[in-house]
$ cat entry14.cif   # mmCIF, C-alpha atoms (C1' of nucleotides)
data_start
loop_
_atom_site.label_atom_id
_atom_site.label_comp_id
_atom_site.auth_asym_id
_atom_site.auth_seq_id
_atom_site.Cartn_x
_atom_site.Cartn_y
_atom_site.Cartn_z
CA MET A 1 -61.01 10.50 11.04
CA ALA A 2 -57.93 12.66 11.63
CA LYS A 3 -56.55 14.60 8.73
CA PRO A 4 -53.37 13.08 7.34
CA ILE A 5 -50.33 15.11 8.20
CA LYS A 6 -48.43 14.06 5.14
CA LYS A 7 -50.24 15.59 2.21
CA LEU A 8 -51.25 13.16 -0.48
CA PRO A 9 -51.42 13.86 -4.22
CA VAL A 10 -54.72 14.89 -5.71
CA LEU A 11 -54.44 12.49 -8.61
CA PRO A 12 -56.12 9.26 -7.49
CA ILE A 13 -53.52 6.85 -8.82
CA GLU A 14 -50.65 8.85 -7.37
CA ARG A 15 -52.54 9.03 -4.11
CA ALA A 16 -53.04 5.29 -4.02
CA ILE A 17 -49.43 4.57 -4.83
CA ARG A 18 -48.18 7.01 -2.22
CA THR A 19 -50.16 5.39 0.59
CA ILE A 20 -48.58 1.99 0.05
CA SER A 21 -45.18 2.75 -1.40
CA GLY A 22 -43.14 3.49 1.70
CA ARG A 23 -40.58 0.99 2.94
CA TRP A 24 -42.17 -2.15 4.44
CA LYS A 25 -45.68 -0.72 4.07
CA ALA A 26 -46.93 -3.42 1.73
CA VAL A 27 -45.49 -6.10 3.99
CA ILE A 28 -47.01 -4.50 7.07
CA LEU A 29 -50.39 -4.23 5.41
CA TYR A 30 -50.15 -7.81 4.25
CA HIS A 31 -49.80 -8.98 7.82
CA LEU A 32 -52.59 -6.74 9.08
CA LEU A 33 -54.95 -8.12 6.44
CA ASN A 34 -54.71 -11.34 8.41
CA GLY A 35 -55.90 -9.76 11.62
CA PRO A 36 -54.86 -7.27 14.31
CA LYS A 37 -51.23 -7.34 15.38
CA ARG A 38 -49.16 -5.81 18.13
CA LEU A 39 -45.97 -3.97 17.43
CA SER A 40 -43.91 -6.80 18.92
CA GLU A 41 -45.74 -9.32 16.75
CA LEU A 42 -45.05 -7.34 13.61
CA SER A 43 -41.41 -7.03 14.62
CA LYS A 44 -41.19 -10.81 14.85
CA LEU A 45 -43.06 -11.32 11.59
CA ILE A 46 -40.81 -8.83 9.79
CA PRO A 47 -37.40 -9.36 11.38
CA SER A 48 -35.52 -7.03 9.06
CA VAL A 49 -37.48 -3.88 9.83
CA SER A 50 -36.09 -1.40 12.33
CA GLN A 51 -38.22 -0.44 15.28
CA LYS A 52 -38.15 3.17 14.28
CA VAL A 53 -39.25 2.63 10.70
CA LEU A 54 -41.92 0.13 11.73
CA VAL A 55 -43.49 2.62 14.09
CA GLN A 56 -43.08 5.39 11.57
CA GLN A 57 -44.78 3.51 8.76
CA LEU A 58 -47.59 2.32 11.03
CA ARG A 59 -48.21 5.90 12.06
CA GLU A 60 -48.34 6.95 8.44
CA LEU A 61 -50.67 4.13 7.52
CA GLU A 62 -52.82 5.23 10.43
CA GLU A 63 -52.76 8.84 9.31
CA HIS A 64 -53.85 7.81 5.85
CA GLY A 65 -56.76 5.83 7.21
CA LEU A 66 -55.55 2.36 6.30
CA VAL A 67 -54.69 1.22 9.79
CA ASN A 68 -56.38 1.62 13.17
CA ARG A 69 -54.33 1.85 16.34
CA ALA A 70 -55.98 0.68 19.56
CA VAL A 71 -54.26 1.56 22.83
CA PHE A 72 -55.01 -0.59 25.89
CA ARG A 73 -54.60 0.75 29.41
CA GLN A 74 -52.30 -1.90 30.77
CA VAL A 75 -48.74 -2.77 31.53
CA PRO A 76 -46.84 -4.05 29.69
CA PRO A 77 -48.18 -1.55 27.19
CA ARG A 78 -50.42 -3.03 24.59
CA VAL A 79 -51.23 -1.44 21.27
CA ASP A 80 -53.12 -3.30 18.59
CA TYR A 81 -52.80 -2.35 14.95
CA SER A 82 -55.51 -3.48 12.58
CA ALA A 83 -56.49 -2.81 9.00
CA THR A 84 -59.44 -0.45 8.65
CA GLU A 85 -62.25 -1.09 6.24
CA LEU A 86 -60.45 1.21 3.83
CA GLY A 87 -57.26 -0.73 4.37
CA LEU A 88 -59.05 -4.02 3.84
CA SER A 89 -60.43 -2.71 0.59
CA LEU A 90 -56.87 -2.61 -0.70
CA GLU A 91 -56.65 -6.36 -0.78
CA PRO A 92 -57.71 -6.91 -4.40
CA VAL A 93 -55.46 -4.05 -5.47
CA MET A 94 -52.53 -5.59 -3.65
CA LEU A 95 -53.31 -8.93 -5.23
CA ALA A 96 -53.33 -7.33 -8.65
CA LEU A 97 -50.00 -5.67 -7.92
CA CYS A 98 -48.54 -8.91 -6.68
CA ASP A 99 -49.70 -10.84 -9.72
CA TRP A 100 -48.25 -8.22 -11.98
CA GLY A 101 -45.03 -8.15 -10.02
CA GLN A 102 -44.67 -11.87 -10.62
CA ARG A 103 -45.40 -11.41 -14.28
CA HIS A 104 -42.77 -8.68 -14.33
CA ALA A 105 -40.15 -10.89 -12.73
CA VAL A 106 -40.87 -13.65 -15.22
CA ALA A 107 -40.75 -11.24 -18.13
CA LEU A 108 -37.36 -9.96 -17.05
CA ASP A 109 -36.02 -13.43 -16.29
CA GLU A 110 -35.53 -12.62 -12.64
CA ILE A 111 -37.44 -15.51 -11.14
CA ASP A 112 -35.21 -16.68 -8.31
CA ARG A 113 -38.14 -17.82 -6.29
CA LEU A 114 -41.78 -17.27 -7.12
CA VAL A 115 -43.60 -16.06 -4.05
CA ASP A 116 -47.27 -16.92 -3.95
CA CYS A 117 -49.65 -14.00 -3.99
CA VAL A 118 -51.82 -14.91 -1.06
CA VAL A 119 -52.85 -12.14 1.30
CA ARG A 120 -55.48 -14.01 3.24
CA PRO A 121 -55.54 -17.56 4.55
CA VAL A 122 -57.35 -19.70 2.02
CA ASN A 123 -58.08 -22.44 4.52
CA ALA A 124 -56.86 -23.89 7.78
CA GLY A 125 -53.66 -24.99 6.11
CA ARG A 126 -51.40 -21.97 6.31
CA GLY A 127 -49.56 -22.95 3.16
CA SER A 128 -46.15 -21.96 1.97
CA THR A 129 -46.57 -18.22 1.81
CA THR A 130 -43.84 -16.25 3.48
CA VAL A 131 -43.58 -12.51 3.37
CA GLY A 132 -40.65 -10.87 5.04
CA GLY A 133 -39.27 -8.33 2.63
CA ASP A 134 -36.49 -8.80 0.20
CA MET B 135 -34.30 -7.60 -22.83
CA ALA B 136 -31.61 -5.59 -21.03
CA LYS B 137 -31.13 -6.14 -17.36
CA PRO B 138 -32.44 -3.29 -15.24
CA ILE B 139 -29.68 -1.29 -13.66
CA LYS B 140 -31.73 -0.32 -10.63
CA LYS B 141 -32.26 -3.49 -8.67
CA LEU B 142 -35.86 -4.31 -7.89
CA PRO B 143 -37.18 -6.05 -4.79
CA VAL B 144 -37.70 -9.79 -4.90
CA LEU B 145 -41.14 -9.60 -3.33
CA PRO B 146 -43.62 -9.30 -6.21
CA ILE B 147 -45.80 -6.59 -4.70
CA GLU B 148 -42.82 -4.47 -3.72
CA ARG B 149 -41.39 -4.99 -7.16
CA ALA B 150 -44.60 -3.85 -8.82
CA ILE B 151 -44.90 -0.81 -6.60
CA ARG B 152 -41.29 0.18 -7.18
CA THR B 153 -41.64 0.16 -10.97
CA ILE B 154 -44.45 2.70 -10.94
CA SER B 155 -43.88 4.73 -7.82
CA GLY B 156 -41.31 7.25 -8.98
CA ARG B 157 -42.28 10.86 -9.53
CA TRP B 158 -44.49 11.34 -12.63
CA LYS B 159 -44.18 7.68 -13.60
CA ALA B 160 -47.87 6.90 -13.33
CA VAL B 161 -48.69 9.99 -15.35
CA ILE B 162 -46.11 9.16 -17.97
CA LEU B 163 -47.38 5.62 -18.27
CA TYR B 164 -50.93 6.87 -18.50
CA HIS B 165 -50.05 8.90 -21.54
CA LEU B 166 -48.08 6.10 -23.16
CA LEU B 167 -51.02 3.74 -22.76
CA ASN B 168 -52.70 5.94 -25.33
CA GLY B 169 -49.98 5.44 -27.90
CA PRO B 170 -46.34 6.27 -28.61
CA LYS B 171 -45.16 9.72 -27.65
CA ARG B 172 -42.07 11.80 -28.24
CA LEU B 173 -40.26 13.49 -25.42
CA SER B 174 -41.49 16.90 -26.54
CA GLU B 175 -45.06 15.62 -26.64
CA LEU B 176 -44.82 14.29 -23.13
CA SER B 177 -43.34 17.59 -22.01
CA LYS B 178 -46.37 19.39 -23.40
CA LEU B 179 -48.80 16.87 -21.95
CA ILE B 180 -47.16 17.12 -18.52
CA PRO B 181 -46.14 20.76 -18.22
CA SER B 182 -44.99 20.57 -14.62
CA VAL B 183 -42.34 17.91 -15.10
CA SER B 184 -38.73 18.95 -15.48
CA GLN B 185 -36.86 17.81 -18.55
CA LYS B 186 -34.30 16.07 -16.46
CA VAL B 187 -36.76 14.06 -14.38
CA LEU B 188 -38.87 13.21 -17.41
CA VAL B 189 -35.88 11.72 -19.20
CA GLN B 190 -34.74 10.02 -16.04
CA GLN B 191 -38.06 8.37 -15.35
CA LEU B 192 -38.48 7.30 -18.96
CA ARG B 193 -35.07 5.69 -18.85
CA GLU B 194 -36.03 3.85 -15.69
CA LEU B 195 -39.33 2.71 -17.13
CA GLU B 196 -37.36 1.49 -20.12
CA GLU B 197 -34.87 -0.31 -17.93
CA HIS B 198 -37.70 -2.04 -16.11
CA GLY B 199 -39.24 -3.19 -19.35
CA LEU B 200 -42.40 -1.10 -19.24
CA VAL B 201 -41.42 1.33 -21.98
CA ASN B 202 -39.73 0.96 -25.34
CA ARG B 203 -37.52 3.69 -26.73
CA ALA B 204 -37.21 3.95 -30.51
CA VAL B 205 -34.50 6.21 -31.90
CA PHE B 206 -34.93 7.55 -35.43
CA ARG B 207 -31.98 8.62 -37.54
CA GLN B 208 -33.08 12.11 -38.35
CA VAL B 209 -32.72 15.73 -37.44
CA PRO B 210 -34.30 17.20 -35.50
CA PRO B 211 -33.71 14.16 -33.32
CA ARG B 212 -36.74 11.94 -32.96
CA VAL B 213 -37.23 9.42 -30.19
CA ASP B 214 -40.51 7.64 -29.68
CA TYR B 215 -41.46 6.21 -26.35
CA SER B 216 -44.15 3.54 -26.25
CA ALA B 217 -45.56 1.17 -23.69
CA THR B 218 -44.32 -2.39 -24.07
CA GLU B 219 -46.63 -5.35 -23.80
CA LEU B 220 -45.55 -5.64 -20.19
CA GLY B 221 -46.28 -1.96 -19.68
CA LEU B 222 -49.66 -2.30 -21.32
CA SER B 223 -50.47 -5.18 -19.00
CA LEU B 224 -50.34 -2.67 -16.16
CA GLU B 225 -53.50 -0.99 -17.32
CA PRO B 226 -55.99 -2.92 -15.17
CA VAL B 227 -53.69 -2.59 -12.19
CA MET B 228 -53.49 1.15 -12.70
CA LEU B 229 -57.23 1.31 -13.03
CA ALA B 230 -57.63 -0.57 -9.77
CA LEU B 231 -55.19 1.81 -8.10
CA CYS B 232 -57.01 4.80 -9.47
CA ASP B 233 -60.40 3.54 -8.35
CA TRP B 234 -59.02 2.87 -4.91
CA GLY B 235 -57.35 6.26 -4.81
CA GLN B 236 -60.71 7.87 -5.47
CA ARG B 237 -62.30 5.79 -2.79
CA HIS B 238 -59.53 6.86 -0.45
CA ALA B 239 -60.05 10.54 -1.18
CA VAL B 240 -63.77 10.19 -0.56
CA ALA B 241 -63.21 8.27 2.67
CA LEU B 242 -60.91 10.98 3.98
CA ASP B 243 -63.20 13.80 2.81
CA GLU B 244 -60.55 15.16 0.47
CA ILE B 245 -62.61 15.25 -2.70
CA ASP B 246 -61.72 18.59 -4.22
CA ARG B 247 -62.26 17.31 -7.69
CA LEU B 248 -62.92 13.76 -8.70
CA VAL B 249 -60.71 12.83 -11.61
CA ASP B 250 -62.09 10.11 -13.84
CA CYS B 251 -60.13 6.89 -13.95
CA VAL B 252 -59.86 6.48 -17.69
CA VAL B 253 -56.56 5.31 -19.07
CA ARG B 254 -57.67 4.56 -22.61
CA PRO B 255 -59.98 6.44 -24.91
CA VAL B 256 -63.43 4.91 -24.60
CA ASN B 257 -64.56 6.33 -27.91
CA ALA B 258 -63.90 9.09 -30.38
CA GLY B 259 -65.02 11.68 -27.85
CA ARG B 260 -61.90 12.38 -25.80
CA GLY B 261 -63.99 13.26 -22.78
CA SER B 262 -63.12 15.28 -19.72
CA THR B 263 -60.17 13.32 -18.44
CA THR B 264 -57.13 15.37 -17.64
CA VAL B 265 -53.98 14.03 -16.11
CA GLY B 266 -51.18 16.42 -15.34
CA GLY B 267 -49.96 15.69 -11.89
CA ASP B 268 -50.97 17.46 -8.71
"C1'" DG C 269 -34.58 -1.36 44.12
"C1'" DG C 270 -33.81 -4.06 40.04
"C1'" DC C 271 -35.64 -6.54 36.30
"C1'" DC C 272 -39.13 -7.49 32.91
"C1'" DA C 273 -42.03 -6.69 28.70
"C1'" DT C 274 -43.98 -3.53 25.63
"C1'" DA C 275 -44.19 0.62 22.93
"C1'" DC C 276 -42.37 4.04 21.77
"C1'" DT C 277 -38.92 8.69 21.15
"C1'" DT C 278 -34.69 11.13 19.88
"C1'" DA C 279 -30.17 12.28 17.77
"C1'" DC C 280 -27.54 11.57 14.00
"C1'" DC C 281 -26.18 10.25 9.42
"C1'" DA C 282 -25.79 8.37 4.69
"C1'" DA C 283 -28.12 7.67 0.66
"C1'" DC C 284 -31.56 8.88 -2.42
"C1'" DA C 285 -34.99 11.59 -5.13
"C1'" DG C 286 -36.51 15.57 -7.46
"C1'" DG C 287 -35.66 19.87 -9.26
"C1'" DT C 288 -33.05 24.29 -11.35
"C1'" DC C 289 -29.84 25.85 -14.45
"C1'" DT C 290 -26.56 25.47 -18.02
"C1'" DG C 291 -24.57 23.31 -21.75
"C1'" DT C 292 -23.97 19.87 -25.90
"C1'" DA C 293 -25.07 17.36 -30.22
"C1'" DT C 294 -27.29 16.83 -34.81
"C1'" DA C 295 -28.59 18.37 -39.61
"C1'" DG C 296 -31.39 21.62 -42.30
"C1'" DG C 297 -32.69 26.22 -43.83
"C1'" DA C 298 -32.14 31.25 -44.44
"C1'" DT D 299 -22.71 31.75 -39.93
"C1'" DC D 300 -26.74 31.86 -37.24
"C1'" DC D 301 -31.06 30.04 -35.99
"C1'" DT D 302 -34.19 26.21 -35.52
"C1'" DA D 303 -36.13 21.94 -33.25
"C1'" DT D 304 -35.35 17.94 -30.67
"C1'" DA D 305 -33.23 15.12 -27.15
"C1'" DC D 306 -30.60 14.83 -24.04
"C1'" DA D 307 -26.24 15.33 -20.17
"C1'" DG D 308 -23.99 17.34 -16.20
"C1'" DA D 309 -23.25 20.26 -12.00
"C1'" DC D 310 -25.28 21.57 -8.01
"C1'" DC D 311 -28.57 21.91 -4.32
"C1'" DT D 312 -32.42 20.98 -1.16
"C1'" DG D 313 -35.45 18.06 1.05
"C1'" DT D 314 -36.83 13.33 2.21
"C1'" DT D 315 -36.27 8.59 3.58
"C1'" DG D 316 -34.53 4.64 5.95
"C1'" DG D 317 -31.61 3.02 9.26
"C1'" DT D 318 -28.36 2.68 13.70
"C1'" DA D 319 -27.89 3.46 18.38
"C1'" DA D 320 -29.39 4.96 22.61
"C1'" DG D 321 -32.81 6.44 25.74
"C1'" DT D 322 -37.64 6.94 28.17
"C1'" DA D 323 -42.17 5.57 30.18
"C1'" DT D 324 -45.43 2.33 32.44
"C1'" DG D 325 -46.84 -1.03 36.18
"C1'" DG D 326 -46.02 -5.73 37.98
"C1'" DC D 327 -43.10 -9.07 40.19
"C1'" DC D 328 -39.19 -10.75 43.02
#
$ encode --input "entry14.cif" --output "structure tokens"
Amino acid sequence: MAKPIKKLPVLPIERAIRTISGRWKAVILYHLLNGPKRLSELSKLIPSVSQKVLVQQLRELEEHGLVNRAVFRQVPPRVDYSATELGLSLEPVMLALCDWGQRHAVALDEIDRLVDCVVRPVNAGRGSTTVGGD
Amino acid sequence: MAKPIKKLPVLPIERAIRTISGRWKAVILYHLLNGPKRLSELSKLIPSVSQKVLVQQLRELEEHGLVNRAVFRQVPPRVDYSATELGLSLEPVMLALCDWGQRHAVALDEIDRLVDCVVRPVNAGRGSTTVGGD
DNA sequence: GGCCATACTTACCAACAGGTCTGTATAGGA
DNA sequence: TCCTATACAGACCTGTTGGTAAGTATGGCC
């Protein structure tokens, strides 16, 4: 496991928040919780993210041990990004955050559209969940 | 409930993360979970925070409905900051984040010192928990 | 050789975040 | 009047972050 280049806080809660608080990180992780993805796939799933920032955040997530990057020797180039065990362990935390975020929106009367907090497929029916950033 | 000036993301998880991800916010909230505090108290509890940022973050937490600010008509000026019901509801989420943050530090072999994840007094004995930022 | 698909990298810039330092306001007490 | 305690506000600066736009590398196919 390579040492993260970007130093993380010592305080556990600050550390946790820092690993997932960069732009698009939560969205990226959400998609990777559903299985490995290529860069091009993630680009299509998150249309509003710039190539540069997508790569940047993936690299950071990788550095912090949440994401694994698998390079295939082929052309066109193929790189698979997948959530590590550590990354997968964030799922309940992300769910808790999502639930609270909904509660927050309701409390502040800012419920334009209530997005379901589903980070894994519950069954074959993909459902109505859409995550693409705000 | 006043509308927050700083617009929050629509996506619930991004919204949640944004409300607690500013500098010192988690630490500030941690202290307010233990009861109302004055600015000077918070300054003493978190020695490394600058006056300006402390006030700024408290104002943001207030704007986002997590913190209540009570002004007393007296001199010296007295202002009490306390966690709102919404803010208090963050406790389990913060605990989950803290637990995960510890797990993360262990997984990356960065366990200098394991800080306990206690956000409320468990009993009369205050214990060994210390939160002051990194 | 040109085109394709994929996965990046680089230069540049605007906006933002956090911090230092200085100053202001209030009433009470010596 | 000066000092005290408390709670800010404002000017300024540095470093970071997110994004736009353009470019590079690889091998396969026509």
$ resolve_selection --input "entry14.cif" --expression "the PyMOL selection byres ((chain D and resi 300-310) around 8)" --output "PyMOL selection string"
(chain B and resi 173-174+189+209-213) or (chain C and resi 292) or (chain D and resi 299+311)
$ interface_residues --input "entry14.cif" --of "chain B" --to "chain C" --cutoff "12 Å" --atoms "all atoms listed in the file" --output "list in words"
Ser155, Gly156, Arg157, Trp158, Ser182, Val183, Ser184, Gln185, Lys186, Val187, Leu188, Gln190, Gln191, Arg207, Gln208, Val209, Pro210, Pro211 and Arg212 of chain B
$ residues_around --input "entry14.cif" --residues "A:Arg15" --least-positions-apart "5" --cutoff "10 Å" --atoms "all atoms listed in the file" --output "VMD selection string"
(chain A and resid 7 to 10 20) or (chain B and resid 231 to 232 234 to 236 238 to 239 268)
$ closest_residue --input "entry14.cif" --among "A:Glu91, A:Phe72, A:Leu42, A:Pro36" --to "chain D" --atoms "only C-alpha atoms (C1' of nucleotides)"
A:Phe72
$ atom_distance --input "entry14.cif" --atom1 "atom CA of A:His31" --atom2 "atom CA of A:Thr84"
12.9 Å
$ closest_residue --input "entry14.cif" --among "A:Ala16, A:Ser82, A:Ala70, A:Lys6" --to "chain B" --atoms "all atoms listed in the file"
A:Ala16
$ atom_distance --input "entry14.cif" --atom1 "atom CA of B:Gly169" --atom2 "atom CA of B:Cys251"
17.3 Å
$ closest_residue --input "entry14.cif" --among "A:Ser89, A:Ser43, A:Thr19, A:Asn34" --to "A:Arg59" --atoms "all atoms listed in the file"
A:Thr19
$ atom_distance --input "entry14.cif" --atom1 "atom CA of B:Leu167" --atom2 "atom CA of A:Glu14"
16.2 Å
$ resolve_selection --input "entry14.cif" --expression "the PyMOL selection byres ((chain D) within 10 of (chain A))" --output "list of chain:residue names"
D:DT315, D:DG316, D:DG317, D:DT318, D:DA323, D:DT324, D:DG325, D:DG326
$ residues_around --input "entry14.cif" --residues "A:Leu86" --least-positions-apart "4" --cutoff "10 Å" --atoms "all atoms listed in the file" --output "list in words"
His64, Gly65, Leu66, Val67, Leu90 and Glu91 of chain A; Trp234, Arg237, His238, Ala241 and Leu242 of chain B
$ resolve_selection --input "entry14.cif" --expression "the PyMOL selection byres ((chain B and resi 203) around 6)" --output "PyMOL selection string"
chain B and resi 202+204+214-215
$ axis_aligned_box --input "entry14.cif" --around "stretch 303-311 of chain D" --padding-each-side "5 Å" --output "AutoDock Vina command-line options"
--center_x -29.7 --center_y 18.4 --center_z -18.8 --size_x 22.9 --size_y 17.1 --size_z 38.9
$ closest_residue --input "entry14.cif" --among "B:Met228, B:Val240, B:Glu219, B:Leu166" --to "chain A" --atoms "all atoms listed in the file"
B:Met228
$ closest_residue --input "entry14.cif" --among "A:Val71, A:Pro47, A:Glu63, A:Leu58" --to "chain B" --atoms "all atoms listed in the file"
A:Glu63
$ closest_residue --input "entry14.cif" --among "A:Glu62, A:Leu29, A:Lys37, A:Pro12" --to "chain B" --atoms "only C-alpha atoms"
A:Pro12
